[in-house]
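Visitor: The following file, entry-v3.tsv, comprises TSV, C-alpha atoms:
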chain	number	residue	atom	x	y	z
A	273	MET	CA	-9.12	15.07	-16.42
A	274	ILE	CA	-8.27	17.25	-13.40
A	275	LEU	CA	-9.71	16.23	-10.07
A	276	GLY	CA	-10.53	19.83	-9.27
A	277	ALA	CA	-13.20	19.67	-11.97
A	278	LEU	CA	-15.13	17.08	-9.94
A	279	PRO	CA	-17.52	17.97	-7.12
A	280	GLY	CA	-16.07	17.01	-3.74
A	281	LEU	CA	-18.37	14.03	-3.26
A	282	ALA	CA	-17.80	12.72	-6.78
A	283	ALA	CA	-14.05	12.98	-6.32
A	284	ALA	CA	-14.23	11.04	-3.09
A	285	VAL	CA	-16.36	8.34	-4.71
A	286	ALA	CA	-14.01	8.05	-7.69
A	287	LEU	CA	-11.01	7.68	-5.44
A	288	VAL	CA	-12.37	4.83	-3.34
A	289	LEU	CA	-13.44	2.49	-6.15
A	290	CYS	CA	-10.25	0.46	-5.91
A	291	ALA	CA	-10.77	-0.05	-2.21
A	292	GLU	CA	-13.45	-2.76	-2.66
A	293	GLY	CA	-12.69	-5.44	-0.13
A	294	VAL	CA	-10.54	-3.29	2.13
A	295	GLU	CA	-11.14	-4.15	5.77
A	296	HIS	CA	-10.50	-2.57	9.12
A	297	ALA	CA	-7.38	-3.95	10.84
A	298	ALA	CA	-8.17	-7.17	12.69
A	299	THR	CA	-6.98	-8.09	16.15
A	300	THR	CA	-3.25	-8.20	16.77
A	301	ALA	CA	-3.57	-11.81	17.90
A	302	LEU	CA	-3.81	-12.83	14.25
A	303	ALA	CA	-0.41	-11.31	13.59
A	304	ALA	CA	1.37	-14.15	15.34
A	305	ARG	CA	-0.27	-16.59	12.94
A	306	SER	CA	0.47	-14.62	9.80
A	307	ALA	CA	3.34	-14.64	7.37
A	308	HIS	CA	6.68	-16.38	7.20
A	309	PRO	CA	8.88	-16.16	4.10
A	310	ALA	CA	8.64	-19.35	2.05
A	311	GLY	CA	11.89	-21.26	2.10
A	312	GLY	CA	13.38	-19.37	5.06
A	313	ARG	CA	15.60	-16.29	5.14
A	314	PRO	CA	19.22	-15.83	4.10
A	315	ALA	CA	21.73	-15.43	6.90
A	316	ALA	CA	22.88	-11.94	5.90
A	317	PRO	CA	20.41	-9.04	6.06
A	318	HIS	CA	19.60	-7.05	2.95
A	319	THR	CA	18.39	-3.54	3.61
A	320	ALA	CA	17.80	-0.47	1.48
A	321	ALA	CA	17.98	3.23	2.13
A	322	ARG	CA	14.83	4.98	3.28
A	323	PRO	CA	13.37	7.08	0.46
A	324	ARG	CA	12.07	10.60	1.07
A	325	ILE	CA	8.53	10.41	2.47
A	326	VAL	CA	6.21	13.41	2.78
A	327	PRO	CA	4.45	13.33	6.18
A	328	ARG	CA	0.68	13.01	6.40
A	329	SER	CA	0.43	16.46	7.98
A	330	VAL	CA	1.06	17.93	4.51
A	331	TRP	CA	-2.12	16.48	3.01
A	332	LEU	CA	-4.30	16.41	6.12
A	333	ALA	CA	-4.38	20.22	6.31
A	334	ASP	CA	-7.67	21.32	7.93
A	335	LEU	CA	-8.60	17.68	8.67
A	336	ALA	CA	-5.68	17.32	11.08
A	337	GLY	CA	-7.93	18.03	14.08
A	338	ARG	CA	-10.06	14.92	13.48
A	339	ARG	CA	-9.88	12.53	16.40
A	340	GLN	CA	-7.64	9.66	15.39
A	341	PRO	CA	-7.88	6.22	17.08
A	342	PRO	CA	-4.53	4.74	18.11
A	343	PRO	CA	-2.75	2.76	15.39
A	344	ARG	CA	-2.28	-1.00	15.49
A	345	TYR	CA	1.02	-2.73	14.85
A	346	ASP	CA	2.37	-6.08	13.71
A	347	ASP	CA	5.81	-7.45	14.57
A	348	GLU	CA	7.30	-6.91	11.09
A	349	VAL	CA	6.50	-6.37	7.41
A	350	VAL	CA	7.10	-9.37	5.14
A	351	ALA	CA	5.01	-8.41	2.10
A	352	VAL	CA	3.87	-5.40	0.10
A	353	PHE	CA	0.57	-5.03	-1.76
A	354	VAL	CA	0.44	-2.56	-4.65
A	355	HIS	CA	-2.82	-0.75	-5.46
A	356	HIS	CA	-4.09	2.02	-7.68
A	357	THR	CA	-6.64	4.56	-6.49
A	358	ASP	CA	-8.82	4.34	-9.63
A	359	SER	CA	-8.87	8.14	-9.83
A	360	PRO	CA	-8.05	10.57	-12.69
A	361	ASN	CA	-4.48	10.55	-14.01
A	362	GLY	CA	-4.28	14.15	-15.24
A	363	TYR	CA	-3.63	15.80	-11.89
A	364	ASP	CA	-0.78	18.22	-11.35
A	365	CYS	CA	1.67	16.70	-8.87
A	366	ALA	CA	1.33	19.82	-6.73
A	367	ASP	CA	-2.32	18.81	-6.27
A	368	ALA	CA	-1.49	15.31	-4.99
A	369	PRO	CA	-2.07	16.28	-1.33
A	370	ARG	CA	-5.58	17.42	-2.25
A	371	VAL	CA	-6.22	14.15	-4.10
A	372	ILE	CA	-5.13	12.17	-1.04
A	373	ARG	CA	-7.26	14.34	1.22
A	374	HIS	CA	-10.34	13.52	-0.90
A	375	LEU	CA	-9.51	9.83	-0.60
A	376	TYR	CA	-9.12	10.12	3.16
A	377	ALA	CA	-12.41	12.02	3.46
A	378	GLY	CA	-14.21	9.38	1.40
A	379	GLN	CA	-12.90	6.50	3.48
A	380	THR	CA	-13.28	8.05	6.93
A	381	GLY	CA	-16.54	9.83	6.09
A	382	GLY	CA	-18.62	7.84	3.61
A	383	ARG	CA	-17.20	4.49	4.72
A	384	ASP	CA	-16.66	5.39	8.38
A	385	TRP	CA	-13.16	3.91	8.52
A	386	ASP	CA	-10.82	4.94	11.33
A	387	ASP	CA	-8.16	6.22	8.91
A	388	ILE	CA	-7.03	6.03	5.31
A	389	GLY	CA	-6.47	2.39	4.41
A	390	TYR	CA	-3.15	2.62	2.56
A	391	ASN	CA	0.15	2.88	4.41
A	392	PHE	CA	1.69	4.92	1.60
A	393	LEU	CA	0.63	6.69	-1.59
A	394	VAL	CA	2.81	7.56	-4.59
A	395	ASP	CA	2.02	10.23	-7.18
A	396	ARG	CA	2.97	10.21	-10.86
A	397	CYS	CA	6.07	12.33	-10.18
A	398	GLY	CA	7.39	9.70	-7.78
A	399	THR	CA	6.66	11.58	-4.57
A	400	ILE	CA	5.90	9.24	-1.67
A	401	TYR	CA	3.31	10.28	0.92
A	402	GLU	CA	2.72	8.82	4.36
A	403	GLY	CA	-0.80	7.41	4.48
A	404	ARG	CA	-2.10	5.58	7.53
A	405	ALA	CA	-0.96	6.99	10.87
A	406	GLY	CA	1.45	5.19	13.16
A	407	GLY	CA	4.96	5.96	11.89
A	408	VAL	CA	6.44	5.22	8.48
A	409	ASP	CA	9.30	3.20	9.97
A	410	ARG	CA	7.01	0.94	12.01
A	411	PRO	CA	4.98	-2.14	10.92
A	412	VAL	CA	1.61	-0.38	10.99
A	413	THR	CA	-1.38	-2.66	10.38
A	414	GLY	CA	-3.17	-1.21	7.36
A	415	ALA	CA	-6.64	-1.63	5.87
A	416	HIS	CA	-5.78	-2.10	2.21
A	417	THR	CA	-6.14	-5.79	1.30
A	418	GLN	CA	-8.98	-7.73	2.86
A	419	GLY	CA	-7.67	-10.81	4.62
A	420	PHE	CA	-4.02	-9.79	4.32
A	421	ASN	CA	-3.49	-6.58	6.26
A	422	HIS	CA	-1.28	-8.21	8.88
A	423	ARG	CA	2.50	-8.03	8.39
A	424	THR	CA	2.03	-6.25	5.07
A	425	THR	CA	2.30	-2.70	3.74
A	426	GLY	CA	-0.16	-1.19	1.25
A	427	ILE	CA	1.24	1.16	-1.41
A	428	ALA	CA	-1.29	2.99	-3.57
A	429	ALA	CA	-0.40	4.56	-6.93
A	430	LEU	CA	-2.45	7.72	-7.47
A	431	GLY	CA	-4.32	7.20	-10.73
A	432	THR	CA	-5.97	4.54	-12.89
A	433	PHE	CA	-3.66	2.06	-14.60
A	434	THR	CA	-5.83	-0.20	-16.68
A	435	ALA	CA	-4.61	-1.84	-19.91
A	436	GLY	CA	-2.92	0.57	-22.31
A	437	VAL	CA	-2.33	3.33	-19.75
A	438	GLU	CA	1.23	4.53	-19.35
A	439	VAL	CA	2.63	4.11	-15.83
A	440	PRO	CA	5.12	6.93	-15.16
A	441	GLN	CA	8.66	5.69	-14.56
A	442	PRO	CA	9.18	7.92	-11.49
A	443	MET	CA	6.16	6.23	-9.92
A	444	ILE	CA	7.60	2.77	-10.66
A	445	ASP	CA	10.98	3.72	-9.22
A	446	ALA	CA	9.43	5.20	-6.07
A	447	ILE	CA	7.30	2.11	-5.41
A	448	ALA	CA	10.39	-0.08	-5.81
A	449	ALA	CA	12.46	2.08	-3.44
A	450	LEU	CA	9.70	2.11	-0.83
A	451	ALA	CA	9.14	-1.65	-1.07
A	452	ALA	CA	12.87	-2.36	-0.80
A	453	TRP	CA	13.11	-0.26	2.35
A	454	LYS	CA	9.99	-1.66	4.06
A	455	LEU	CA	10.95	-5.30	3.33
A	456	GLY	CA	14.55	-4.81	4.45
A	457	PRO	CA	14.15	-5.23	8.22
A	458	SER	CA	12.55	-8.66	7.75
A	459	ASP	CA	15.22	-9.52	5.14
A	460	THR	CA	12.50	-10.37	2.63
A	461	ASP	CA	13.54	-10.74	-1.00
A	462	PRO	CA	11.00	-8.80	-3.13
A	463	ARG	CA	11.37	-11.42	-5.90
A	464	LYS	CA	10.38	-14.36	-3.70
A	465	ASP	CA	7.15	-15.72	-2.24
A	466	VAL	CA	5.93	-15.49	1.34
A	467	ARG	CA	3.33	-17.36	3.37
A	468	LEU	CA	0.45	-15.21	4.55
A	469	THR	CA	-2.48	-16.42	6.66
A	470	SER	CA	-5.85	-15.01	5.63
A	471	SER	CA	-7.84	-13.30	8.36
A	472	ASN	CA	-11.07	-12.95	6.36
A	473	SER	CA	-12.98	-15.31	4.08
A	474	GLY	CA	-13.92	-12.36	1.89
A	475	SER	CA	-10.42	-12.56	0.41
A	476	ARG	CA	-9.33	-15.13	-2.18
A	477	TYR	CA	-8.65	-17.50	0.71
A	478	ALA	CA	-10.83	-18.64	3.61
A	479	ALA	CA	-9.97	-17.30	7.03
A	480	GLY	CA	-7.18	-19.34	8.58
A	481	VAL	CA	-5.82	-20.61	5.26
A	482	THR	CA	-2.12	-20.00	4.66
A	483	ALA	CA	-1.50	-18.83	1.11
A	484	VAL	CA	1.77	-18.56	-0.78
A	485	LEU	CA	1.84	-15.12	-2.41
A	486	PRO	CA	4.47	-12.84	-3.95
A	487	ALA	CA	6.36	-10.78	-1.39
A	488	LEU	CA	5.63	-7.84	-3.69
A	489	ALA	CA	2.08	-8.51	-4.80
A	490	GLY	CA	-0.75	-6.77	-6.57
A	491	HIS	CA	-4.03	-6.21	-4.74
A	492	GLY	CA	-5.62	-8.85	-6.98
A	493	ASP	CA	-3.28	-11.54	-5.64
A	494	GLY	CA	-5.08	-11.42	-2.32
A	495	TYR	CA	-8.54	-10.17	-3.21
A	496	MET	CA	-10.95	-10.59	-6.13
A	497	THR	CA	-10.26	-7.33	-7.95
A	498	SER	CA	-8.53	-6.02	-11.08
A	499	CYS	CA	-6.59	-3.54	-8.93
A	500	PRO	CA	-3.87	-2.31	-9.44
A	501	GLY	CA	-4.91	-2.40	-13.09
A	502	ALA	CA	-3.42	-4.39	-15.97
A	503	ALA	CA	-0.80	-1.76	-16.85
A	504	LEU	CA	0.61	-1.48	-13.34
A	505	SER	CA	0.35	-5.23	-12.76
A	506	ALA	CA	2.51	-5.76	-15.85
A	507	ARG	CA	5.23	-3.63	-14.25
A	508	LEU	CA	5.38	-5.60	-11.00
A	509	PRO	CA	8.22	-7.90	-12.20
A	510	GLU	CA	10.31	-4.80	-12.94
A	511	ILE	CA	9.47	-3.34	-9.53
A	512	ARG	CA	10.51	-6.59	-7.85
A	513	ARG	CA	13.85	-6.65	-9.67
A	514	THR	CA	14.58	-3.02	-8.90
A	515	ALA	CA	13.66	-3.45	-5.24
A	516	ALA	CA	15.92	-6.47	-4.94
A	517	ARG	CA	18.79	-4.56	-6.53
A	518	LEU	CA	18.27	-1.69	-4.10
A	519	GLN	CA	18.57	-4.23	-1.27
A	520	GLY	CA	21.93	-5.28	-2.67
A	521	ARG	CA	20.74	-8.65	-3.93
A	522	THR	CA	22.27	-10.24	-7.01
A	523	GLY	CA	21.42	-13.25	-9.17
For this file, produce the structure as structure tokens.

Guide:
Amino acid sequence: MILGALPGLAAAVALVLCAEGVEHAATTALAARSAHPAGGRPAAPHTAARPRIVPRSVWLADLAGRRQPPPRYDDEVVAVFVHHTDSPNGYDCADAPRVIRHLYAGQTGGRDWDDIGYNFLVDRCGTIYEGRAGGVDRPVTGAHTQGFNHRTTGIAALGTFTAGVEVPQPMIDAIAALAAWKLGPSDTDPRKDVRLTSSNSGSRYAAGVTAVLPALAGHGDGYMTSCPGAALSARLPEIRRTAARLQGRTG
């Protein structure tokens, strides 16, 4: 099914279904109480190369003139949450900017958010797009996982990846490369667990509770949802291993 076949409003609605439970970024004061890797960090840093990232100006197009509130930042990124956009899978990769623009319009228009919730989006060809404004190399506070937006990055896979749906390998590889790079500065092992403090009782954990979650988690690990879908969730162990290898980790 091609997104272009949907009316604009229907496309926007379809694209935001996975975003149930996404919150606006909370106050930066909560950041200091948030995550610390469980078990401490190794002495030597493990970093990965930055993958190619298409800037948001490519998909914003005629929406670029919209007034954008200043971004919020945390001190570092210690976890990644993987999502799917719950939108049609049959898009041409050249149309991915238009798909993202519909998502942005649905979130900032119908939901009145200040920006798109996800920090990054990845299409089925493995192209990575900058999502939320603030700088891809900075720890931008997102609005992707209610209760756990601080010190985390949200990566959304464009499509619907429920049970039985094939997840394209280029998409898997791109998510792994992006996660490896974003977790590198905090020296977080993508295969390990981290401690994250919930900022909202609408998540799986009451506000103020410190939860132990995967450093590379699915949306459903932090919020009551089936996102990122059973098929993509089943690939998370592979993504963790690949990300760790890209960081130069062994064992």

Visitor: Give me the residues within 6 Å of Gly389 of chain A as an NGL selection string, counting all atoms listed in the file and dropping any in the same chain fewer than 5 places off.

Guide: :A and (414-416)

Visitor: One number please: atom CA of Ala428 of chain A to atom CA of Ile388 of chain A, in Å, one decimal.

Guide: 11.0 Å

Visitor: Nearest to Ala336 of chain A among A:Thr425, A:Ile400, A:Ala377, A:Ala321, with distances taken over all atoms listed in the file: which residue is it?

Guide: A:Ala377

Visitor: For segment 394-442 of chain A versus segment 490-514 of chain A, which residues have an atom no more than 10 Å away, and what is each residue's nearest atom pair and distance in Å rounded to one decimal, using only C-alpha atoms, chain-then-number order, as CSV?

Guide:
residue,atom,partner,partner_atom,distance
A:His416,CA,A:His491,CA,8.3
A:Thr417,CA,A:His491,CA,6.4
A:Gln418,CA,A:Tyr495,CA,6.6
A:Gly419,CA,A:Gly494,CA,7.4
A:Phe420,CA,A:Gly494,CA,6.9
A:Asn421,CA,A:Gly494,CA,10.0
A:Gly426,CA,A:His491,CA,8.7
A:Ile427,CA,A:His491,CA,9.7
A:Ala428,CA,A:Pro500,CA,8.3
A:Ala429,CA,A:Pro500,CA,8.1
A:Gly431,CA,A:Pro500,CA,9.6
A:Thr432,CA,A:Gly501,CA,7.0
A:Phe433,CA,A:Gly501,CA,4.9
A:Thr434,CA,A:Gly501,CA,4.3
A:Ala435,CA,A:Ala502,CA,4.8
A:Gly436,CA,A:Ala503,CA,6.3
A:Val437,CA,A:Ala503,CA,6.1
A:Glu438,CA,A:Ala503,CA,7.1
A:Val439,CA,A:Leu504,CA,6.4
A:Pro440,CA,A:Leu504,CA,9.7
A:Gln441,CA,A:Arg507,CA,9.9

Visitor: Mind checking which residues fall within 9 Å of Gln519 of chain A, counting only C-alpha atoms, ignoring those fewer than 3 positions away in the same chain, and posting them as a list of chain:residue names?

Guide: A:Pro317, A:His318, A:Thr319, A:Ala320, A:Ala321, A:Ala452, A:Trp453, A:Leu455, A:Gly456, A:Asp459, A:Asp461, A:Thr514, A:Ala515, A:Ala516

Visitor: Kindly give the distance, in Å, that separates atom CA of Arg324 of chain A and atom CA of His355 of chain A, rounded to a single decimal.

Guide: 19.8 Å

Visitor: If you measure from atom CA of Asp386 of chain A to atom CA of Ser359 of chain A, what distance in Å do you get, rounded to one decimal?

Guide: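 Those two atoms sit 21.5 Å apart.
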
Visitor: Neighbours of segment 403-410 of chain A within 6 Å (all atoms listed in the file; same-chain residues fewer than 5 positions away dropped), as a PyMOL selection string?

Guide: chain A and resi 343+388+390-392

Visitor: Nearest to Val484 of chain A among A:Val412, A:Leu332, A:Ile372, A:Ala351, with distances taken over only C-alpha atoms: which residue is it?

Guide: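 Of all the options, A:Ala351 lies closest to Val484 of chain A.
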
Visitor: Need to verify the contact set: Trp331 of chain A, 9 Å, all atoms listed in the file, exclusion of same-chain residues closer than 4 positions in sequence. Can you return it as an MDAnalysis selection string?

Guide: chainID A and resid 326:327 335:336 368:373 401

Visitor: Would you please work out which residue, of A:Thr460, A:Thr357, A:Val481, A:Asp465, is nearest to Arg521 of chain A when using only C-alpha atoms?

Guide: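 Counting only C-alpha atoms, the residue closest to Arg521 of chain A is A:Thr460.
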
Visitor: Which of these residues is nearest to Cys397 of chain A, using all atoms listed in the file: A:Ser329, A:Asn361, A:Ser473, A:Thr482?

Guide: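 Of A:Ser329, A:Asn361, A:Ser473, A:Thr482, the one nearest Cys397 of chain A, counting all atoms listed in the file, is A:Asn361.
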
Visitor: Considering all atoms listed in the file, state which residue in the set A:Arg463, A:Leu485, A:Arg344, A:Leu393 is at the smallest distance from Gly523 of chain A.

Guide: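 Once distances to Gly523 of chain A are computed over all atoms listed in the file, the minimum belongs to A:Arg463.
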
Visitor: Counting all atoms listed in the file, find the residues whose atoms lie at most 6 Å from (5.5, -6.2, 12.0) (file coordinates) and write them out as a list in words.

Guide: Asp346, Asp347, Glu348, Val349, Pro411 and Arg423 of chain A

Visitor: I need the residue nearest Pro323 of chain A from this list: A:Gly378, A:Gly398, A:Pro341, A:Gly362. Use all atoms listed in the file for the distance.

Guide: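 For Pro323 of chain A, the nearest of the candidates is A:Gly398.
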